[in-house]
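Student: Provided herewith is a single structure, encoded as C-alpha cells, for subsequent inquiry.
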Amino acid sequence: TGPPLPPMDPAGVAALLREAAADRSPVWVGVADAIGEVRRVLLLPDAVEGGRVRGRVDDEPRTYSLHRITGAALAPS
C-alpha cells in the first residue's frame, strides 16, 4: 500500500524525515530488513538524530536506521 517510493540516499531520506517531524506529517518509508526484504510502513516521525529516525507506526514506537530506509514519500493529507 502507499505511493511509489523513489530510491533515495540517506541524506535525502534524513532531510525529508526532519521536515516531516517538524510538520508532524506522516511519511511512507521502505525499510530493508536484515535479509534485504523491503516492506513499506506509514511512519509518523518524531526525531532524526544519530543516523536513526524515531517515530510511531500503527501507534507503536519504532526506531529505524537511516541506511535501512530505501525510499520515502510524504503521505497525502
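Chain identifiers are assigned as A, B, and so on, following the order in which chains appear in the C-alpha cells; residues are numbered from 1 within each chain, and ligands are numbered from 1 in order of appearance.
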Applying 8 Å and only C-alpha atoms, which residues near Ala75 (chain A) remain after dropping the ones on its own chain fewer than 4 positions away? List them as a list in words.
Tutor: Gly2, Pro3, Ser25, Pro26, Val27, Trp28 and Leu42 of chain A
Student: Got a sec to tell me which of chain A DSSP assigns to strand (DSSP E), as a ChimeraX atom specification?
Tutor: /A:27-32,38-49,52-57,60-65,69-74
Student: Would you output that residue set with N, CA and C atoms, as a CSV table (one decimal), in the first residue's frame?
Tutor:
```csv
chain,number,residue,atom,x,y,z
A,27,VAL,N,4.8,9.8,6.9
A,27,VAL,CA,5.6,9.5,5.7
A,27,VAL,C,5.6,8.0,5.4
A,28,TRP,N,5.4,7.7,4.2
A,28,TRP,CA,5.6,6.3,3.8
A,28,TRP,C,7.1,6.0,3.6
A,29,VAL,N,7.6,5.0,4.2
A,29,VAL,CA,9.0,4.6,4.0
A,29,VAL,C,9.1,3.2,3.7
A,30,GLY,N,10.1,2.9,2.8
A,30,GLY,CA,10.5,1.5,2.5
A,30,GLY,C,11.7,1.1,3.5
A,31,VAL,N,11.5,0.1,4.2
A,31,VAL,CA,12.6,-0.3,5.2
A,31,VAL,C,13.1,-1.7,4.8
A,32,ALA,N,14.4,-1.8,4.6
A,32,ALA,CA,15.0,-3.1,4.3
A,32,ALA,C,15.3,-3.8,5.6
A,38,VAL,N,12.2,-5.7,1.6
A,38,VAL,CA,11.8,-4.3,1.8
A,38,VAL,C,10.3,-4.3,2.1
A,39,ARG,N,9.9,-3.7,3.2
A,39,ARG,CA,8.5,-3.5,3.5
A,39,ARG,C,8.2,-2.0,3.6
A,40,ARG,N,7.0,-1.7,3.4
A,40,ARG,CA,6.5,-0.3,3.5
A,40,ARG,C,5.8,-0.1,4.8
A,41,VAL,N,6.1,1.0,5.4
A,41,VAL,CA,5.4,1.4,6.6
A,41,VAL,C,5.0,2.8,6.6
A,42,LEU,N,3.9,3.2,7.2
A,42,LEU,CA,3.5,4.6,7.4
A,42,LEU,C,4.0,5.1,8.7
A,43,LEU,N,5.0,5.9,8.7
A,43,LEU,CA,5.7,6.4,9.9
A,43,LEU,C,5.3,7.8,10.2
A,44,LEU,N,5.1,8.1,11.5
A,44,LEU,CA,4.9,9.4,12.0
A,44,LEU,C,6.2,9.7,12.7
A,45,PRO,N,7.1,10.4,12.0
A,45,PRO,CA,8.5,10.6,12.7
A,45,PRO,C,8.4,11.7,13.8
A,46,ASP,N,9.2,11.4,14.9
A,46,ASP,CA,9.3,12.3,16.0
A,46,ASP,C,10.6,13.1,15.9
A,47,ALA,N,11.7,12.3,15.6
A,47,ALA,CA,13.1,12.9,15.6
A,47,ALA,C,14.0,12.1,14.7
A,48,VAL,N,14.9,12.9,14.1
A,48,VAL,CA,16.0,12.2,13.3
A,48,VAL,C,17.3,12.7,13.9
A,49,GLU,N,18.1,11.7,14.4
A,49,GLU,CA,19.3,12.0,15.1
A,49,GLU,C,20.2,10.8,15.1
A,52,ARG,N,19.5,7.7,12.9
A,52,ARG,CA,18.3,7.0,13.1
A,52,ARG,C,17.1,7.9,13.1
A,53,VAL,N,15.9,7.4,12.8
A,53,VAL,CA,14.7,8.1,12.9
A,53,VAL,C,13.8,7.4,14.0
A,54,ARG,N,13.3,8.2,14.8
A,54,ARG,CA,12.4,7.7,15.9
A,54,ARG,C,11.0,8.2,15.6
A,55,GLY,N,10.0,7.3,15.7
A,55,GLY,CA,8.6,7.7,15.4
A,55,GLY,C,7.6,6.6,15.8
A,56,ARG,N,6.5,6.7,15.2
A,56,ARG,CA,5.4,5.7,15.5
A,56,ARG,C,4.9,5.1,14.2
A,57,VAL,N,4.6,3.8,14.3
A,57,VAL,CA,3.9,3.0,13.2
A,57,VAL,C,2.8,2.3,13.9
A,60,GLU,N,2.6,2.5,17.6
A,60,GLU,CA,3.7,1.8,18.3
A,60,GLU,C,5.0,2.5,18.1
A,61,PRO,N,5.8,2.7,19.1
A,61,PRO,CA,7.1,3.3,18.9
A,61,PRO,C,8.0,2.4,18.1
A,62,ARG,N,8.7,3.1,17.1
A,62,ARG,CA,9.7,2.4,16.3
A,62,ARG,C,10.9,3.3,16.1
A,63,THR,N,12.1,2.6,15.9
A,63,THR,CA,13.3,3.3,15.5
A,63,THR,C,13.9,2.6,14.3
A,64,TYR,N,14.3,3.3,13.3
A,64,TYR,CA,14.9,2.7,12.1
A,64,TYR,C,16.2,3.4,11.8
A,65,SER,N,17.2,2.7,11.4
A,65,SER,CA,18.5,3.2,10.9
A,65,SER,C,18.2,3.8,9.5
A,69,ILE,N,16.6,2.6,5.2
A,69,ILE,CA,15.4,3.2,4.5
A,69,ILE,C,15.8,3.3,3.0
A,70,THR,N,15.0,2.7,2.2
A,70,THR,CA,15.3,2.7,0.7
A,70,THR,C,14.7,3.8,0.0
A,71,GLY,N,13.6,4.4,0.5
A,71,GLY,CA,12.9,5.5,-0.1
A,71,GLY,C,11.9,6.0,0.8
A,72,ALA,N,11.4,7.2,0.5
A,72,ALA,CA,10.4,7.8,1.4
A,72,ALA,C,9.5,8.8,0.6
A,73,ALA,N,8.3,9.0,1.0
A,73,ALA,CA,7.4,9.9,0.4
A,73,ALA,C,6.4,10.4,1.4
A,74,LEU,N,6.1,11.7,1.4
A,74,LEU,CA,5.1,12.2,2.3
A,74,LEU,C,3.8,11.6,2.0
```
Student: Write out as a PyMOL selection string the set of residues from region 2-72 of chain A that DSSP, computed on the backbone, places in helix (DSSP H, G or I).
Tutor: chain A and resi 10-23+66-68
Student: Kindly indicate which residue among A:Ala22, A:Leu5, A:Ala34, A:Val13 lies nearest to Gly51 (chain A), using only C-alpha atoms for the distances.
Tutor: A:Val13
Student: What is the CA of Leu16 (chain A) to CA of Arg68 (chain A) distance in Å?
Tutor: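 Separation between CA of Leu16 (chain A) and CA of Arg68 (chain A): 14.9 Å.
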Student: Fewer than 4 positions away in the same chain doesn't count, so skip those; otherwise give me all residues within 7 Å of Pro10 (chain A), counting only C-alpha atoms, as a list in words.
Tutor: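 Listing them by chain and then by number gives Ala14, Leu66 and His67 of chain A.
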Student: Just give me the gap between CA of Glu37 (chain A) and CA of Ala21 (chain A) in Å, one decimal is fine.
Tutor: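 Value for the CA of Glu37 (chain A)-CA of Ala21 (chain A) distance: 25.7 Å.
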Student: Interatomic distance between CA of Asp59 (chain A) and CA of Pro6 (chain A)?
Tutor: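 Interatomic distance, CA of Asp59 (chain A) to CA of Pro6 (chain A): 25.2 Å.
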